[in-house]
Amino acid sequence: MKIGIIGLPQSGKTTVFNAASGKAEAVGDYSKASHRAIIKVPDARLDKLSELVQPKKTTFAEIDYLDIAAFSGKGKQSDASSMNIPDDLRYSDALMVVINCFADDCTPERNFGLFLDEMILSDQVIIERNIDKKERTAKLTGDKSMASEVAVLRKCLDALENEKPISEIELNNDELRVLKGFKFLSQKPLLVVLNYSEGDIGSEQKWLDMFKDKEISGIREFVSICGNIEMEMAALDAEDRTEFLADLGIERPAMEVLIQKSYSLMGLISYFTVGEPDAHAWTIKSGTNARKGAGAVHSDIERGFIRAEVITYDDFVEHGSTPACKEAGKYHVEGKEYLIRDGDIILFRFNV
Ligand SMILES: Nc1nc2c(ncn2[C@@H]2O[C@H](COP(=O)(O)OP(=O)(O)OP(=O)(O)O)[C@@H](O)[C@H]2O)c(=O)[nH]1
Ligand SMILES: [Mg+2]
């Protein structure tokens, strides 16, 4: 899963990137440098399965964090064509936007508005260009599908012109298919990180309250962290980290909070495959059926899907192994329409 960390200059993007990844990139140097880190998603269930099965290898889910300086903060005055939006950002599954809530003279609501404006503007420029092109082609060729694509783009353009991101438009599956290739920024789920100062530890709720009415479940969610402290803590090992944060009155490290929030924002769950060579966590959207979910492991398994053999996590831990679960009648054979649940342990049978 790819998450792009973005925001206005000097909002603390690299600080939050360090807090999320445990890296130690330079902050406060106005360099606007981009960074990348692939982190493992901690999962106590996979630790436990690995302990029981003793596989050769244990593979955790991964998050690919990209820290990218893409926005100017000039809002509508900026020239969108000069906006530097790297492809990496367009290919992100979600965006984490960092808002400065730490400076004495910070203006979080205004900055959030500026950021939304730029995101909307960048999509608007792409849509306008494409509508022109597609309309001309549709006229020349009489291509009906092209004309319906134009209609979908117009629907989006209307919303954008009214300052509404694409993520907030109701779109059916056909319409979503038309938009897929464009990788619009304002269509991506947004995790807004309110980056507050050390002095606000304990009273950080005020920042969340400030944005309470802007939260849209599954589309745009908010979380508050103290970037500076979390960055220092992320450099420690896990045990010391939890202890130090508890002393400060911070319940869970940002590293964990950001992962958990990203999963819930995108409606993601994990299932596991366990075997002698490898115990492996796979990430899928909640509500995915067994056949489609098998595609996380390999497209061949999805294509040649025969059945899924499923054990729940609790049953596996209780009985300790696949044969023991079979004996206890805790081994379920499911068809392609079975909806995978969080924590399922699955063996796919397939034929290609
Ligand atoms: N007090 C305080 N300062 C912070 C916090 N987070 C970031 N800063 C400061 O804000 C400045 C910018 O931080 P960076 O993380 O470099 O910001 P950035 O968004 O990556 O900056 P650019 O990449 O140049 O756009 C630094 O001087 C940080 O120390 C925080 O939680 N508390
Ligand atoms: Mg930076």
# chains A, B, ... in the order shown; residues from 1 in each chain; ligands from 1

$ residues_around --residues "Gly12 in chain A" --least-positions-apart "5" --cutoff "9 Å" --atoms "only C-alpha atoms" --output "PyMOL selection string"
chain A and resi 7+17+27-28+98-100+195+227-228

$ write_last_selection --atoms "N, CA and C atoms" --output "compact mmCIF listing (two decimals), in the first residue's frame"
# COMPACT_ATOMS: atom_id res chain seq x y z
N GLY A 7 1.55 18.17 1.79
CA GLY A 7 1.13 19.32 2.59
C GLY A 7 1.89 20.54 2.12
N PHE A 17 6.96 12.02 8.40
CA PHE A 17 7.53 10.88 7.68
C PHE A 17 8.51 10.12 8.59
N VAL A 27 15.18 17.62 8.86
CA VAL A 27 13.96 18.43 8.86
C VAL A 27 14.34 19.90 9.03
N GLY A 28 13.41 20.75 8.63
CA GLY A 28 13.59 22.18 8.85
C GLY A 28 14.67 22.80 7.97
N VAL A 98 -0.31 16.80 5.90
CA VAL A 98 0.18 17.31 7.18
C VAL A 98 -0.18 18.79 7.31
N ILE A 99 -0.81 19.13 8.42
CA ILE A 99 -1.21 20.52 8.67
C ILE A 99 -0.42 21.06 9.86
N ASN A 100 0.17 22.23 9.68
CA ASN A 100 0.92 22.88 10.75
C ASN A 100 -0.03 23.40 11.83
N ASN A 195 -0.58 18.37 13.07
CA ASN A 195 0.75 18.26 13.68
C ASN A 195 0.90 19.34 14.76
N GLY A 227 4.44 15.81 16.01
CA GLY A 227 5.47 15.30 15.10
C GLY A 227 6.85 15.25 15.72
N ASN A 228 7.24 16.34 16.39
CA ASN A 228 8.60 16.41 16.95
C ASN A 228 8.87 15.28 17.93

$ closest_atom_pairs --of "chain A" --to "ligand 1" --cutoff "6 Å" --atoms "only C-alpha atoms and all ligand atoms" --output "CSV"
residue,atom,partner,partner_atom_place_in_ligand_line,distance
A:Pro9,CA,ligand 1,25 (O),3.3
A:Gln10,CA,ligand 1,21 (O),3.4
A:Ser11,CA,ligand 1,19 (O),4.0
A:Gly12,CA,ligand 1,17 (O),3.3
A:Lys13,CA,ligand 1,19 (O),3.8
A:Thr14,CA,ligand 1,20 (O),3.7
A:Thr15,CA,ligand 1,15 (O),3.7
A:Val27,CA,ligand 1,16 (O),3.4
A:Gly28,CA,ligand 1,26 (C),3.5
A:Asp29,CA,ligand 1,16 (O),5.9
A:Tyr30,CA,ligand 1,24 (O),3.6
A:Ser31,CA,ligand 1,24 (O),4.9
A:Lys32,CA,ligand 1,23 (O),3.5
A:Ala33,CA,ligand 1,23 (O),5.7
A:Ala69,CA,ligand 1,25 (O),5.6
A:Phe102,CA,ligand 1,32 (N),5.1
A:Asn195,CA,ligand 1,31 (O),5.4
A:Tyr196,CA,ligand 1,31 (O),5.1
A:Ser197,CA,ligand 1,32 (N),4.0
A:Glu198,CA,ligand 1,32 (N),5.9
A:Cys226,CA,ligand 1,31 (O),4.4
A:Gly227,CA,ligand 1,31 (O),3.6
A:Asn228,CA,ligand 1,31 (O),4.0

$ residues_around --residues "Glu163 in chain A" --least-positions-apart "5" --cutoff "9 Å" --atoms "only C-alpha atoms" --output "ChimeraX atom specification"
/A:116-117,120-121,158

$ select_by_dssp --residues "range 83-112 of chain A" --states "alpha helix (DSSP H)" --output "PyMOL selection string"
chain A and resi 87-90+108-112

$ write_last_selection --atoms "N, CA and C atoms" --output "mmCIF file, in the first residue's frame"
data_model
loop_
_atom_site.group_PDB
_atom_site.id
_atom_site.type_symbol
_atom_site.label_atom_id
_atom_site.label_comp_id
_atom_site.auth_asym_id
_atom_site.auth_seq_id
_atom_site.Cartn_x
_atom_site.Cartn_y
_atom_site.Cartn_z
ATOM 1 N N ASP A 87 4.476 11.424 -10.454
ATOM 2 C CA ASP A 87 3.640 10.259 -10.727
ATOM 3 C C ASP A 87 3.460 9.390 -9.491
ATOM 4 N N ASP A 88 4.547 9.286 -8.711
ATOM 5 C CA ASP A 88 4.494 8.503 -7.484
ATOM 6 C C ASP A 88 3.307 8.895 -6.611
ATOM 7 N N LEU A 89 3.034 10.179 -6.603
ATOM 8 C CA LEU A 89 1.935 10.673 -5.780
ATOM 9 C C LEU A 89 0.594 10.257 -6.385
ATOM 10 N N ARG A 90 0.504 10.339 -7.707
ATOM 11 C CA ARG A 90 -0.742 9.944 -8.369
ATOM 12 C C ARG A 90 -1.033 8.464 -8.165
ATOM 13 N N PRO A 108 -4.405 26.611 10.765
ATOM 14 C CA PRO A 108 -4.695 25.279 10.232
ATOM 15 C C PRO A 108 -5.890 25.230 9.281
ATOM 16 N N GLU A 109 -6.983 25.905 9.623
ATOM 17 C CA GLU A 109 -8.169 25.820 8.761
ATOM 18 C C GLU A 109 -7.895 26.433 7.395
ATOM 19 N N ARG A 110 -7.232 27.582 7.427
ATOM 20 C CA ARG A 110 -6.881 28.250 6.177
ATOM 21 C C ARG A 110 -5.948 27.364 5.360
ATOM 22 N N ASN A 111 -4.951 26.791 6.010
ATOM 23 C CA ASN A 111 -3.986 25.957 5.279
ATOM 24 C C ASN A 111 -4.636 24.707 4.696
ATOM 25 N N PHE A 112 -5.552 24.145 5.449
ATOM 26 C CA PHE A 112 -6.257 22.975 4.925
ATOM 27 C C PHE A 112 -7.053 23.370 3.679
#

$ residues_around --residues "Ile229 in chain A" --least-positions-apart "6" --cutoff "12 Å" --atoms "only C-alpha atoms" --output "list of chain:residue names"
A:Thr15, A:Val16, A:Asn18, A:Ala19, A:Ala20, A:Phe102, A:Asn195, A:Tyr196, A:Ser197, A:Glu198, A:Gly199, A:Asp200, A:Ile201, A:Ala235, A:Leu236, A:Arg241, A:Phe244, A:Leu245, A:Leu248, A:Gly249, A:Ile250, A:Pro253, A:Ala254, A:Met255

$ write_last_selection --atoms "N, CA and C atoms" --output "PDB file, in the first residue's frame"
ATOM      1  N   THR A  15       9.053  15.583   9.133  1.00  0.00           N
ATOM      2  CA  THR A  15       8.982  15.211  10.552  1.00  0.00           C
ATOM      3  C   THR A  15       7.996  14.057  10.739  1.00  0.00           C
ATOM      4  N   VAL A  16       6.831  14.168  10.132  1.00  0.00           N
ATOM      5  CA  VAL A  16       5.817  13.115  10.239  1.00  0.00           C
ATOM      6  C   VAL A  16       6.291  11.839   9.521  1.00  0.00           C
ATOM      7  N   ASN A  18       9.368  10.869   9.270  1.00  0.00           N
ATOM      8  CA  ASN A  18      10.315  10.230  10.199  1.00  0.00           C
ATOM      9  C   ASN A  18       9.573   9.528  11.333  1.00  0.00           C
ATOM     10  N   ALA A  19       8.528  10.176  11.840  1.00  0.00           N
ATOM     11  CA  ALA A  19       7.746   9.589  12.941  1.00  0.00           C
ATOM     12  C   ALA A  19       7.063   8.303  12.491  1.00  0.00           C
ATOM     13  N   ALA A  20       6.620   8.276  11.248  1.00  0.00           N
ATOM     14  CA  ALA A  20       5.881   7.115  10.745  1.00  0.00           C
ATOM     15  C   ALA A  20       6.806   5.970  10.359  1.00  0.00           C
ATOM     16  N   PHE A 102       1.535  23.631  14.930  1.00  0.00           N
ATOM     17  CA  PHE A 102       2.542  23.810  15.982  1.00  0.00           C
ATOM     18  C   PHE A 102       3.059  25.234  16.105  1.00  0.00           C
ATOM     19  N   ASN A 195      -0.576  18.367  13.074  1.00  0.00           N
ATOM     20  CA  ASN A 195       0.755  18.257  13.679  1.00  0.00           C
ATOM     21  C   ASN A 195       0.898  19.337  14.755  1.00  0.00           C
ATOM     22  N   TYR A 196       0.673  18.944  16.012  1.00  0.00           N
ATOM     23  CA  TYR A 196       0.629  19.953  17.083  1.00  0.00           C
ATOM     24  C   TYR A 196       1.946  20.007  17.854  1.00  0.00           C
ATOM     25  N   SER A 197       2.109  21.060  18.652  1.00  0.00           N
ATOM     26  CA  SER A 197       3.396  21.296  19.314  1.00  0.00           C
ATOM     27  C   SER A 197       3.480  20.567  20.651  1.00  0.00           C
ATOM     28  N   GLU A 198       4.707  20.450  21.155  1.00  0.00           N
ATOM     29  CA  GLU A 198       4.988  19.773  22.409  1.00  0.00           C
ATOM     30  C   GLU A 198       4.136  20.356  23.539  1.00  0.00           C
ATOM     31  N   GLY A 199       3.932  21.670  23.495  1.00  0.00           N
ATOM     32  CA  GLY A 199       3.179  22.343  24.561  1.00  0.00           C
ATOM     33  C   GLY A 199       1.709  21.961  24.592  1.00  0.00           C
ATOM     34  N   ASP A 200       1.226  21.355  23.542  1.00  0.00           N
ATOM     35  CA  ASP A 200      -0.204  21.015  23.460  1.00  0.00           C
ATOM     36  C   ASP A 200      -0.503  19.570  23.847  1.00  0.00           C
ATOM     37  N   ILE A 201       0.534  18.840  24.288  1.00  0.00           N
ATOM     38  CA  ILE A 201       0.272  17.454  24.694  1.00  0.00           C
ATOM     39  C   ILE A 201      -0.714  17.476  25.859  1.00  0.00           C
ATOM     40  N   ALA A 235      12.731   6.700  16.748  1.00  0.00           N
ATOM     41  CA  ALA A 235      14.106   6.225  16.621  1.00  0.00           C
ATOM     42  C   ALA A 235      14.442   5.188  17.697  1.00  0.00           C
ATOM     43  N   LEU A 236      13.614   5.107  18.731  1.00  0.00           N
ATOM     44  CA  LEU A 236      13.873   4.143  19.822  1.00  0.00           C
ATOM     45  C   LEU A 236      13.332   2.767  19.461  1.00  0.00           C
ATOM     46  N   ARG A 241       9.907   2.992  23.377  1.00  0.00           N
ATOM     47  CA  ARG A 241       9.017   3.975  22.758  1.00  0.00           C
ATOM     48  C   ARG A 241       7.692   4.054  23.506  1.00  0.00           C
ATOM     49  N   PHE A 244       8.202   5.593  27.026  1.00  0.00           N
ATOM     50  CA  PHE A 244       8.430   7.045  27.007  1.00  0.00           C
ATOM     51  C   PHE A 244       7.149   7.801  26.689  1.00  0.00           C
ATOM     52  N   LEU A 245       6.413   7.294  25.715  1.00  0.00           N
ATOM     53  CA  LEU A 245       5.179   7.984  25.328  1.00  0.00           C
ATOM     54  C   LEU A 245       4.167   7.942  26.464  1.00  0.00           C
ATOM     55  N   LEU A 248       4.707  10.549  28.886  1.00  0.00           N
ATOM     56  CA  LEU A 248       4.259  11.863  28.409  1.00  0.00           C
ATOM     57  C   LEU A 248       2.731  11.961  28.350  1.00  0.00           C
ATOM     58  N   GLY A 249       2.064  10.831  28.553  1.00  0.00           N
ATOM     59  CA  GLY A 249       0.610  10.838  28.477  1.00  0.00           C
ATOM     60  C   GLY A 249       0.103  10.597  27.064  1.00  0.00           C
ATOM     61  N   ILE A 250       0.961  10.044  26.192  1.00  0.00           N
ATOM     62  CA  ILE A 250       0.523   9.689  24.840  1.00  0.00           C
ATOM     63  C   ILE A 250       0.291   8.183  24.818  1.00  0.00           C
ATOM     64  N   PRO A 253       2.012   5.078  20.081  1.00  0.00           N
ATOM     65  CA  PRO A 253       2.921   5.797  19.180  1.00  0.00           C
ATOM     66  C   PRO A 253       2.258   6.122  17.841  1.00  0.00           C
ATOM     67  N   ALA A 254       2.636   7.265  17.285  1.00  0.00           N
ATOM     68  CA  ALA A 254       2.063   7.720  16.011  1.00  0.00           C
ATOM     69  C   ALA A 254       2.253   6.668  14.919  1.00  0.00           C
ATOM     70  N   MET A 255       3.389   5.999  14.969  1.00  0.00           N
ATOM     71  CA  MET A 255       3.661   4.937  14.001  1.00  0.00           C
ATOM     72  C   MET A 255       2.465   3.990  13.878  1.00  0.00           C
TER      73      MET A 255
END

$ residues_around --residues "range 312-321 of chain A" --least-positions-apart "2" --cutoff "10 Å" --atoms "only C-alpha atoms" --output "number ranges by chain"
A: 45-46, 48-49, 51-53, 271-272, 274, 310, 323-332, 341-346

$ atom_distance --atom1 "CA of Ile63 in chain A" --atom2 "CA of Gly202 in chain A"
28.9 Å

$ residues_around --residues "Gln124 in chain A" --least-positions-apart "5" --cutoff "9 Å" --atoms "only C-alpha atoms" --output "PyMOL selection string"
chain A and resi 119+129+156-157+160-161

$ atom_distance --atom1 "CA of Arg220 in chain A" --atom2 "CA of Ser270 in chain A"
21.6 Å

$ residues_around --residues "Ser262 in chain A" --least-positions-apart "2" --cutoff "10 Å" --atoms "only C-alpha atoms" --output "number ranges by chain"
A: 1, 3, 63, 93-96, 189-191, 218, 221, 256-260, 264-268

$ atom_distance --atom1 "CA of Ala308 in chain A" --atom2 "CA of Ile340 in chain A"
9.6 Å

$ select_by_dssp --residues "range 67-179 of chain A" --states "strand (DSSP E or B)" --output "list in words"
Asp67, Ala94, Leu95, Met96, Val97, Val98, Ile99, Asn100 and Cys101 of chain A

$ closest_residue --among "A:Ser34, A:Ser203, A:Thr273, A:Ser21" --to "ligand 2" --atoms "only C-alpha atoms and all ligand atoms"
A:Ser34
